[in-house]
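K.L.:
Structure incoming, see below.
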Amino acid sequence: AQHFLDRSQAHANLAAFVDLNAETTLAQAKAADARIAAGTAGALEGLPLAHKDIFVTRDFATTAGSRMLKGYRSPFDATVVSKLAEAGAVTLGKVNCDEFAMGSSNENTAVAAVGSDTVQPVRNPWDTKRIPGGSSGGSAAVVAARLAPAATGTDTGGSIRQPAAFCGITGIKPTYGRASRYGMVAFASSLDQAGPMARSAEDCALLLSAMCGPDPDRDSTSLDAPAENFTRKLNDSIEGLRIGVPKEFFGEGLSDDVRSAVDAALQQYEQLGAKLVPIALPRTELSIPVYYIIAPAEASSNLSRFDGVKFGHRARDYGDLADMYKKTRAEGFGDEVKRRIMIGTYVLSHGYYDAYYLQAQKIRRMIADDFQNAFKECDVIAGPVAPTVAWKIGEKSDDPVANYLTDIFTLSGSLAGLPGMSIPVGFAKSEADKGLPIGMQLLGNYLDEARLLNAAHRFQ
Ligand code: GLN
């Protein structure tokens, strides 16, 4: 723990940590040492972890990247955090993310890193002029820079997979409902899911085993699926594994660097005995408009709790109650969050609900059905995580739609609630992006995480 705290300080230029508390971390580490000495060590005993600042924590501040939660401290730990602690993990600190997990670049954070007065996105350790991806950019950056052996993340539409790809690490988003959402600051409740981000599939499997399990009393959408040991299939042969390759994931807009790295990885899978099966996911393109209706609709409802009354920011000067709400929300939320609240309120409003929200829900079901058809012919699906490598800070920050379009390959799996992961498969070779990491996405059927991790582990 001391080693990683020292590294975090030495690499403060990455702007990844938003809260550190060495005393608490070292006290937890000492307690872990004592359990090891007593022979009562848990599966993750003494492992220092960074938590995405979307998980509420008792011993560290929680901001969800928002001015709205500045100075907020939760009276309890998120279930995922307490489950990891029960397995022996030590909390190193909290890491930055896009505000309320809305974003693909970390540029939507409103919170400054530890030791800095200026709000800035987390830096990509491979090139500090680049974004680390988002929204779990802090988690990906600290693992890539070895400021933490592993981190937690959350994925609503790609926020574990895309930053993992951009920072050259491994991440897995389990089946929707596997991990409890209790204590995860809500963005879009029908999509939000927690998962680990680490150096390898094996590390992810160890962490995921501790994070999952039913939580019916606190999360009504938690699945009635028992906790599993996700390491059990890691070393199985993948001889005969059918890998579905959707042609829609290799169309226009995919950069040459990503295409050739993913193609090479697919060839390597063939050498390992897997069979490549061409499949179709015909509604891939529709996942962007469908997601950017459903997620903002749910967000507009979830964020109504930030009203200046119960917790977080409250405007200093106001007239009546309505004025207090208005000023608090105008001051507390950033532009992207306001944009989503407006879109969400609009698509849910009388007269537009049928045209937008209901229509989006119908297409969401069709997208899920397309996956079920595909899984008749294959065991896992493989393709790129994102169309390009990490872009430069500022390059797309004035253009929300340009950001939304980069989510094209991750959104459909999220809408269907499927497990998905990102594994590093190579580096860009073009002059402009040379040396930047590239990730490949693996999607599996419901509850098939162990097989995904097996496929990833055999590759690594
Ligand atoms: N980039 C997507 C968005 O902005 C996904 C974010 C996420 O998965 N939390 O909504």
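Ligands are numbered from 1 in the order shown, chains are lettered A, B, ... in the order of the structure tokens, and residues start at 1 in each chain.
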At a cut-off of 12 Å, using only C-alpha atoms, what residues contact A:Thr40? Leave out same-chain residues fewer than 5 positions from it and give the result as a ChimeraX atom specification.

P.N.:
/A:31-35,45-46,86-88

K.L.:
For the selection just defined, write its residues with N, CA and C atoms to a file, as a PDB file, in the first residue's frame.

P.N.:
```pdb
ATOM      1  N   ALA A  31      -4.295  -4.027   9.190  1.00  0.00           N
ATOM      2  CA  ALA A  31      -5.303  -5.018   9.580  1.00  0.00           C
ATOM      3  C   ALA A  31      -5.203  -6.253   8.684  1.00  0.00           C
ATOM      4  N   ALA A  32      -4.911  -6.014   7.400  1.00  0.00           N
ATOM      5  CA  ALA A  32      -4.741  -7.141   6.468  1.00  0.00           C
ATOM      6  C   ALA A  32      -3.523  -7.974   6.862  1.00  0.00           C
ATOM      7  N   ASP A  33      -2.429  -7.285   7.190  1.00  0.00           N
ATOM      8  CA  ASP A  33      -1.216  -7.998   7.644  1.00  0.00           C
ATOM      9  C   ASP A  33      -1.537  -8.892   8.842  1.00  0.00           C
ATOM     10  N   ALA A  34      -2.334  -8.326   9.760  1.00  0.00           N
ATOM     11  CA  ALA A  34      -2.668  -9.077  10.973  1.00  0.00           C
ATOM     12  C   ALA A  34      -3.482 -10.333  10.622  1.00  0.00           C
ATOM     13  N   ARG A  35      -4.398 -10.185   9.673  1.00  0.00           N
ATOM     14  CA  ARG A  35      -5.201 -11.361   9.280  1.00  0.00           C
ATOM     15  C   ARG A  35      -4.331 -12.409   8.579  1.00  0.00           C
ATOM     16  N   GLU A  45      -6.611 -10.644   0.251  1.00  0.00           N
ATOM     17  CA  GLU A  45      -6.062 -10.009   1.449  1.00  0.00           C
ATOM     18  C   GLU A  45      -4.875  -9.081   1.142  1.00  0.00           C
ATOM     19  N   GLY A  46      -5.033  -7.825   1.551  1.00  0.00           N
ATOM     20  CA  GLY A  46      -3.950  -6.850   1.427  1.00  0.00           C
ATOM     21  C   GLY A  46      -3.823  -6.211   0.052  1.00  0.00           C
ATOM     22  N   GLU A  86     -14.389  -7.189   2.395  1.00  0.00           N
ATOM     23  CA  GLU A  86     -14.549  -8.472   3.106  1.00  0.00           C
ATOM     24  C   GLU A  86     -13.557  -9.519   2.605  1.00  0.00           C
ATOM     25  N   ALA A  87     -13.223  -9.442   1.314  1.00  0.00           N
ATOM     26  CA  ALA A  87     -12.241 -10.381   0.760  1.00  0.00           C
ATOM     27  C   ALA A  87     -10.813  -9.950   1.093  1.00  0.00           C
ATOM     28  N   GLY A  88     -10.669  -8.792   1.767  1.00  0.00           N
ATOM     29  CA  GLY A  88      -9.351  -8.372   2.231  1.00  0.00           C
ATOM     30  C   GLY A  88      -8.755  -7.172   1.506  1.00  0.00           C
TER      31      GLY A  88
END
```

K.L.:
Could you give me, as a PDB file with C-alpha atoms, in the first residue's frame, each residue of stretch 11-254 of chain A that DSSP assigns to alpha helix (DSSP H) when run on this structure's backbone?

P.N.:
```pdb
ATOM      1  CA  ALA A  22      -2.906   7.536   3.597  1.00  0.00           C
ATOM      2  CA  GLU A  23      -3.723   7.036   7.255  1.00  0.00           C
ATOM      3  CA  THR A  24      -6.883   5.068   6.509  1.00  0.00           C
ATOM      4  CA  THR A  25      -5.224   3.087   3.727  1.00  0.00           C
ATOM      5  CA  LEU A  26      -2.275   2.108   5.906  1.00  0.00           C
ATOM      6  CA  ALA A  27      -4.551   1.192   8.818  1.00  0.00           C
ATOM      7  CA  GLN A  28      -6.486  -1.124   6.487  1.00  0.00           C
ATOM      8  CA  ALA A  29      -3.192  -2.578   5.243  1.00  0.00           C
ATOM      9  CA  LYS A  30      -2.039  -3.239   8.825  1.00  0.00           C
ATOM     10  CA  ALA A  31      -5.303  -5.018   9.580  1.00  0.00           C
ATOM     11  CA  ALA A  32      -4.741  -7.141   6.468  1.00  0.00           C
ATOM     12  CA  ASP A  33      -1.216  -7.998   7.644  1.00  0.00           C
ATOM     13  CA  ALA A  34      -2.668  -9.077  10.973  1.00  0.00           C
ATOM     14  CA  ARG A  35      -5.201 -11.361   9.280  1.00  0.00           C
ATOM     15  CA  ILE A  36      -2.452 -12.878   7.125  1.00  0.00           C
ATOM     16  CA  ALA A  37      -0.362 -13.494  10.262  1.00  0.00           C
ATOM     17  CA  THR A  79     -21.972  -3.191  -1.652  1.00  0.00           C
ATOM     18  CA  VAL A  80     -19.206  -3.766  -4.211  1.00  0.00           C
ATOM     19  CA  VAL A  81     -16.755  -1.841  -2.008  1.00  0.00           C
ATOM     20  CA  SER A  82     -17.725  -3.747   1.135  1.00  0.00           C
ATOM     21  CA  LYS A  83     -17.611  -7.114  -0.636  1.00  0.00           C
ATOM     22  CA  LEU A  84     -14.079  -6.385  -1.842  1.00  0.00           C
ATOM     23  CA  ALA A  85     -13.123  -5.243   1.663  1.00  0.00           C
ATOM     24  CA  GLU A  86     -14.549  -8.472   3.106  1.00  0.00           C
ATOM     25  CA  GLY A 137     -10.759   6.948 -17.028  1.00  0.00           C
ATOM     26  CA  GLY A 138      -9.138   7.331 -13.618  1.00  0.00           C
ATOM     27  CA  SER A 139      -9.470   3.593 -12.965  1.00  0.00           C
ATOM     28  CA  ALA A 140      -7.851   2.696 -16.293  1.00  0.00           C
ATOM     29  CA  ALA A 141      -5.048   5.244 -15.944  1.00  0.00           C
ATOM     30  CA  VAL A 142      -3.991   4.172 -12.432  1.00  0.00           C
ATOM     31  CA  VAL A 143      -3.820   0.508 -13.440  1.00  0.00           C
ATOM     32  CA  ALA A 144      -1.909   1.303 -16.650  1.00  0.00           C
ATOM     33  CA  ARG A 161     -14.385  -1.470 -21.794  1.00  0.00           C
ATOM     34  CA  GLN A 162     -13.434   1.737 -23.621  1.00  0.00           C
ATOM     35  CA  PRO A 163     -11.007   3.218 -21.053  1.00  0.00           C
ATOM     36  CA  ALA A 164      -9.474  -0.250 -20.579  1.00  0.00           C
ATOM     37  CA  ALA A 165      -8.854  -0.342 -24.350  1.00  0.00           C
ATOM     38  CA  PHE A 166      -7.445   3.200 -24.456  1.00  0.00           C
ATOM     39  CA  CYS A 167      -5.028   2.505 -21.584  1.00  0.00           C
ATOM     40  CA  ALA A 201      -8.050 -11.542 -17.315  1.00  0.00           C
ATOM     41  CA  GLU A 202      -6.827 -13.637 -14.392  1.00  0.00           C
ATOM     42  CA  ASP A 203      -6.746 -10.604 -12.081  1.00  0.00           C
ATOM     43  CA  CYS A 204     -10.191  -9.570 -13.329  1.00  0.00           C
ATOM     44  CA  ALA A 205     -11.533 -13.063 -12.607  1.00  0.00           C
ATOM     45  CA  LEU A 206     -10.257 -12.950  -9.015  1.00  0.00           C
ATOM     46  CA  LEU A 207     -11.784  -9.526  -8.414  1.00  0.00           C
ATOM     47  CA  LEU A 208     -15.072 -10.283 -10.142  1.00  0.00           C
ATOM     48  CA  SER A 209     -15.537 -13.378  -7.979  1.00  0.00           C
ATOM     49  CA  ALA A 210     -15.480 -11.136  -4.901  1.00  0.00           C
ATOM     50  CA  MET A 211     -17.701  -8.394  -6.384  1.00  0.00           C
TER      51      MET A 211
END
```

K.L.:
Considering only C-alpha atoms, state which residue in the set A:Arg7, A:Arg458, A:Arg451, A:Lys392 is at the smallest distance from A:Glu107.

P.N.:
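Ranking A:Arg7, A:Arg458, A:Arg451, A:Lys392 by distance to A:Glu107, first place goes to A:Lys392.
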
K.L.:
Sort by chain and increasing residue number a table of all residues of chain A within 9 Å of ligand 1, each with its closest pair of atoms and their distance in Å to one decimal, counting only C-alpha atoms and all ligand atoms, and write it as a Markdown table.

P.N.:
```
| residue | atom | partner | partner_atom_place_in_ligand_line | distance |
| --- | --- | --- | --- | --- |
| A:Asp98 | CA | ligand 1 | 9 (N) | 8.0 |
| A:Phe100 | CA | ligand 1 | 9 (N) | 7.7 |
| A:Ala101 | CA | ligand 1 | 9 (N) | 4.3 |
| A:Met102 | CA | ligand 1 | 4 (O) | 4.1 |
| A:Gly103 | CA | ligand 1 | 4 (O) | 3.4 |
| A:Ser104 | CA | ligand 1 | 1 (N) | 4.1 |
| A:Ser105 | CA | ligand 1 | 1 (N) | 7.9 |
| A:Gly133 | CA | ligand 1 | 1 (N) | 8.9 |
| A:Gly134 | CA | ligand 1 | 1 (N) | 6.5 |
| A:Ser135 | CA | ligand 1 | 9 (N) | 5.3 |
| A:Ser136 | CA | ligand 1 | 9 (N) | 7.5 |
| A:Thr154 | CA | ligand 1 | 9 (N) | 6.4 |
| A:Asp155 | CA | ligand 1 | 8 (O) | 4.0 |
| A:Thr156 | CA | ligand 1 | 8 (O) | 3.4 |
| A:Gly157 | CA | ligand 1 | 8 (O) | 3.6 |
| A:Gly158 | CA | ligand 1 | 8 (O) | 4.2 |
| A:Ser159 | CA | ligand 1 | 8 (O) | 3.6 |
| A:Ile160 | CA | ligand 1 | 8 (O) | 6.9 |
| A:Arg161 | CA | ligand 1 | 8 (O) | 8.5 |
| A:Gln162 | CA | ligand 1 | 1 (N) | 8.5 |
| A:Phe187 | CA | ligand 1 | 9 (N) | 7.4 |
| A:Ala188 | CA | ligand 1 | 9 (N) | 8.4 |
| A:Leu191 | CA | ligand 1 | 8 (O) | 8.3 |
| A:Asp192 | CA | ligand 1 | 9 (N) | 7.2 |
| A:Gln193 | CA | ligand 1 | 8 (O) | 8.6 |
| A:Tyr291 | CA | ligand 1 | 10 (O) | 8.0 |
| A:Tyr292 | CA | ligand 1 | 10 (O) | 7.3 |
| A:Ala295 | CA | ligand 1 | 10 (O) | 6.9 |
| A:Pro296 | CA | ligand 1 | 10 (O) | 8.1 |
| A:Glu336 | CA | ligand 1 | 4 (O) | 8.9 |
| A:Asn403 | CA | ligand 1 | 1 (N) | 7.3 |
| A:Tyr404 | CA | ligand 1 | 1 (N) | 6.3 |
| A:Thr406 | CA | ligand 1 | 1 (N) | 8.0 |
| A:Asp407 | CA | ligand 1 | 1 (N) | 5.9 |
| A:Thr410 | CA | ligand 1 | 5 (C) | 8.4 |
| A:Leu411 | CA | ligand 1 | 5 (C) | 7.6 |
| A:Ser414 | CA | ligand 1 | 8 (O) | 8.4 |
```

K.L.:
Those same residues - C-alpha atoms - I'd like them written as an mmCIF file, in the first residue's frame.

P.N.:
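Written out: out.cif:
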```cif
data_model
loop_
_atom_site.group_PDB
_atom_site.id
_atom_site.type_symbol
_atom_site.label_atom_id
_atom_site.label_comp_id
_atom_site.auth_asym_id
_atom_site.auth_seq_id
_atom_site.Cartn_x
_atom_site.Cartn_y
_atom_site.Cartn_z
ATOM 1 C CA ASP A 98 -16.847 11.820 -16.011
ATOM 2 C CA PHE A 100 -22.179 10.982 -13.036
ATOM 3 C CA ALA A 101 -20.353 8.617 -15.440
ATOM 4 C CA MET A 102 -21.630 10.553 -18.467
ATOM 5 C CA GLY A 103 -18.886 10.679 -21.038
ATOM 6 C CA SER A 104 -16.252 8.850 -23.033
ATOM 7 C CA SER A 105 -13.160 10.953 -22.347
ATOM 8 C CA GLY A 133 -11.187 7.234 -22.108
ATOM 9 C CA GLY A 134 -14.305 7.378 -20.007
ATOM 10 C CA SER A 135 -16.129 7.390 -17.912
ATOM 11 C CA SER A 136 -13.877 5.113 -15.775
ATOM 12 C CA THR A 154 -18.704 0.987 -13.864
ATOM 13 C CA ASP A 155 -20.072 0.483 -17.334
ATOM 14 C CA THR A 156 -23.386 1.888 -18.541
ATOM 15 C CA GLY A 157 -22.594 2.045 -22.247
ATOM 16 C CA GLY A 158 -18.912 1.135 -22.384
ATOM 17 C CA SER A 159 -17.268 2.912 -19.466
ATOM 18 C CA ILE A 160 -15.189 -0.078 -18.348
ATOM 19 C CA ARG A 161 -14.385 -1.470 -21.794
ATOM 20 C CA GLN A 162 -13.434 1.737 -23.621
ATOM 21 C CA PHE A 187 -26.821 7.177 -13.931
ATOM 22 C CA ALA A 188 -29.100 4.894 -15.982
ATOM 23 C CA LEU A 191 -27.791 -0.263 -17.750
ATOM 24 C CA ASP A 192 -25.371 0.559 -14.892
ATOM 25 C CA GLN A 193 -23.104 -2.310 -13.912
ATOM 26 C CA TYR A 291 -29.003 4.413 -25.951
ATOM 27 C CA TYR A 292 -28.931 8.206 -26.102
ATOM 28 C CA ALA A 295 -29.881 6.524 -20.775
ATOM 29 C CA PRO A 296 -30.792 10.260 -20.570
ATOM 30 C CA GLU A 336 -23.223 17.419 -20.343
ATOM 31 C CA ASN A 403 -18.251 11.670 -28.491
ATOM 32 C CA TYR A 404 -21.519 9.694 -28.674
ATOM 33 C CA THR A 406 -17.381 6.661 -30.596
ATOM 34 C CA ASP A 407 -19.551 4.421 -28.376
ATOM 35 C CA THR A 410 -20.053 -0.960 -26.796
ATOM 36 C CA LEU A 411 -23.641 0.313 -26.573
ATOM 37 C CA SER A 414 -25.054 -2.788 -22.729
#
```

K.L.:
Rank A:Leu44, A:Asp219, A:Leu447, A:Arg232 by their smallest atom-to-atom distance to A:Pro419, using only C-alpha atoms, and report the top residue only.

P.N.:
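Between A:Leu44, A:Asp219, A:Leu447, A:Arg232, the residue approaching A:Pro419 most closely is A:Leu447.
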
K.L.:
If we count only C-alpha atoms and set the cut-off at 9 Å, which residues sit around A:Gly435, ignoring sequence neighbours fewer than 4 positions away in its own chain? Please answer as a count of residues only.

P.N.:
6

K.L.:
Which is closest to A:Leu20 among A:Ser304, A:Val95, A:Val56, A:Ser74, if we use only C-alpha atoms?

P.N.:
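Once distances to A:Leu20 are computed over only C-alpha atoms, the minimum belongs to A:Val95.
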
K.L.:
Contacts of A:Gln361 at 12 Å or less, counting only C-alpha atoms, minus same-chain residues fewer than 5 places along, as a ChimeraX atom specification?

P.N.:
/A:190,286-287,289-295,297,347-348,353-356,366-368,415-416

K.L.:
Limited to C-alpha atoms, could you put the picked residues into a file as a PDB file, in the first residue's frame?

P.N.:
```
ATOM      1  CA  SER A 190     -31.337  -0.386 -16.337  1.00  0.00           C
ATOM      2  CA  LEU A 286     -29.429   2.009 -34.025  1.00  0.00           C
ATOM      3  CA  SER A 287     -27.787   1.388 -30.669  1.00  0.00           C
ATOM      4  CA  PRO A 289     -29.918   6.770 -30.901  1.00  0.00           C
ATOM      5  CA  VAL A 290     -31.594   4.116 -28.733  1.00  0.00           C
ATOM      6  CA  TYR A 291     -29.003   4.413 -25.951  1.00  0.00           C
ATOM      7  CA  TYR A 292     -28.931   8.206 -26.102  1.00  0.00           C
ATOM      8  CA  ILE A 293     -32.702   8.225 -25.526  1.00  0.00           C
ATOM      9  CA  ILE A 294     -32.954   5.568 -22.816  1.00  0.00           C
ATOM     10  CA  ALA A 295     -29.881   6.524 -20.775  1.00  0.00           C
ATOM     11  CA  ALA A 297     -34.425   9.354 -19.794  1.00  0.00           C
ATOM     12  CA  VAL A 347     -38.300  12.111 -24.538  1.00  0.00           C
ATOM     13  CA  LEU A 348     -40.389  11.195 -21.494  1.00  0.00           C
ATOM     14  CA  TYR A 353     -43.028   9.492 -25.059  1.00  0.00           C
ATOM     15  CA  ASP A 354     -44.535   7.260 -27.780  1.00  0.00           C
ATOM     16  CA  ALA A 355     -42.399   8.738 -30.531  1.00  0.00           C
ATOM     17  CA  TYR A 356     -39.055   8.464 -28.739  1.00  0.00           C
ATOM     18  CA  MET A 366     -34.833  -6.197 -30.994  1.00  0.00           C
ATOM     19  CA  ILE A 367     -31.137  -5.530 -30.364  1.00  0.00           C
ATOM     20  CA  ALA A 368     -31.206  -8.081 -27.529  1.00  0.00           C
ATOM     21  CA  LEU A 415     -28.597  -2.375 -24.070  1.00  0.00           C
ATOM     22  CA  ALA A 416     -28.905  -6.171 -24.173  1.00  0.00           C
TER      23      ALA A 416
END
```

K.L.:
In terms of the shortest atom-to-atom distance over only C-alpha atoms, which of A:Leu5, A:Ile238, A:Arg199, A:Asn454 is closest to A:Gln268?

P.N.:
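Counting only C-alpha atoms, the residue closest to A:Gln268 is A:Ile238.
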
K.L.:
If you run DSSP over the backbone, which residues in stretch 225-328 of chain A end up strand (DSSP E)? Put them as an MDAnalysis selection string.

P.N.:
chainID A and resid 242:246 275:279

K.L.:
Leaving out A:Phe60 and any residue of its chain fewer than 5 positions from it, which residues lie within 12 Å of it when counting only C-alpha atoms, given as an NGL selection string?

P.N.:
:A and (17-25 or 50-55 or 71-78 or 81 or 91-95)

K.L.:
Write to file, as a PDB file, in the first residue's frame, the residues of the selection just made, with C-alpha atoms.

P.N.:
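out-v9.pdb, written as the output of this step:
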```pdb
ATOM      1  CA  PHE A  17      -6.844  10.475  -7.690  1.00  0.00           C
ATOM      2  CA  VAL A  18      -9.558  12.758  -6.346  1.00  0.00           C
ATOM      3  CA  ASP A  19      -9.258  11.559  -2.761  1.00  0.00           C
ATOM      4  CA  LEU A  20      -6.383   9.944  -0.891  1.00  0.00           C
ATOM      5  CA  ASN A  21      -6.176   9.288   2.814  1.00  0.00           C
ATOM      6  CA  ALA A  22      -2.906   7.536   3.597  1.00  0.00           C
ATOM      7  CA  GLU A  23      -3.723   7.036   7.255  1.00  0.00           C
ATOM      8  CA  THR A  24      -6.883   5.068   6.509  1.00  0.00           C
ATOM      9  CA  THR A  25      -5.224   3.087   3.727  1.00  0.00           C
ATOM     10  CA  ALA A  50      -8.534   2.255  -6.373  1.00  0.00           C
ATOM     11  CA  HIS A  51     -12.291   2.835  -6.500  1.00  0.00           C
ATOM     12  CA  LYS A  52     -14.054   4.840  -9.173  1.00  0.00           C
ATOM     13  CA  ASP A  53     -15.521   7.899  -7.497  1.00  0.00           C
ATOM     14  CA  ILE A  54     -19.028   6.741  -8.386  1.00  0.00           C
ATOM     15  CA  PHE A  55     -19.028   4.154  -5.561  1.00  0.00           C
ATOM     16  CA  GLY A  71     -17.711  17.690   0.193  1.00  0.00           C
ATOM     17  CA  TYR A  72     -20.143  14.762   0.342  1.00  0.00           C
ATOM     18  CA  ARG A  73     -19.336  11.803   2.553  1.00  0.00           C
ATOM     19  CA  SER A  74     -21.522   8.732   2.532  1.00  0.00           C
ATOM     20  CA  PRO A  75     -22.569   7.109   5.802  1.00  0.00           C
ATOM     21  CA  PHE A  76     -22.066   3.666   4.241  1.00  0.00           C
ATOM     22  CA  ASP A  77     -19.971   1.758   1.674  1.00  0.00           C
ATOM     23  CA  ALA A  78     -21.351   0.576  -1.684  1.00  0.00           C
ATOM     24  CA  VAL A  81     -16.755  -1.841  -2.008  1.00  0.00           C
ATOM     25  CA  THR A  91      -8.707   1.040  -0.421  1.00  0.00           C
ATOM     26  CA  LEU A  92      -5.962   3.230  -1.884  1.00  0.00           C
ATOM     27  CA  GLY A  93      -8.241   6.115  -2.752  1.00  0.00           C
ATOM     28  CA  LYS A  94     -10.908   7.361  -5.148  1.00  0.00           C
ATOM     29  CA  VAL A  95     -10.244   8.052  -8.813  1.00  0.00           C
TER      30      VAL A  95
END
```

K.L.:
When you draw a straight line from atom CA of A:Ala261 to atom CA of A:Pro437, how long is it in Å?

P.N.:
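About the pair atom CA of A:Ala261 and atom CA of A:Pro437: they are 9.6 Å apart.
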
K.L.:
Calculate how many Å separate atom CA of A:Ala145 from atom CA of A:Ser260, rounding to one decimal.

P.N.:
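Calculated distance between atom CA of A:Ala145 and atom CA of A:Ser260 is 25.5 Å.
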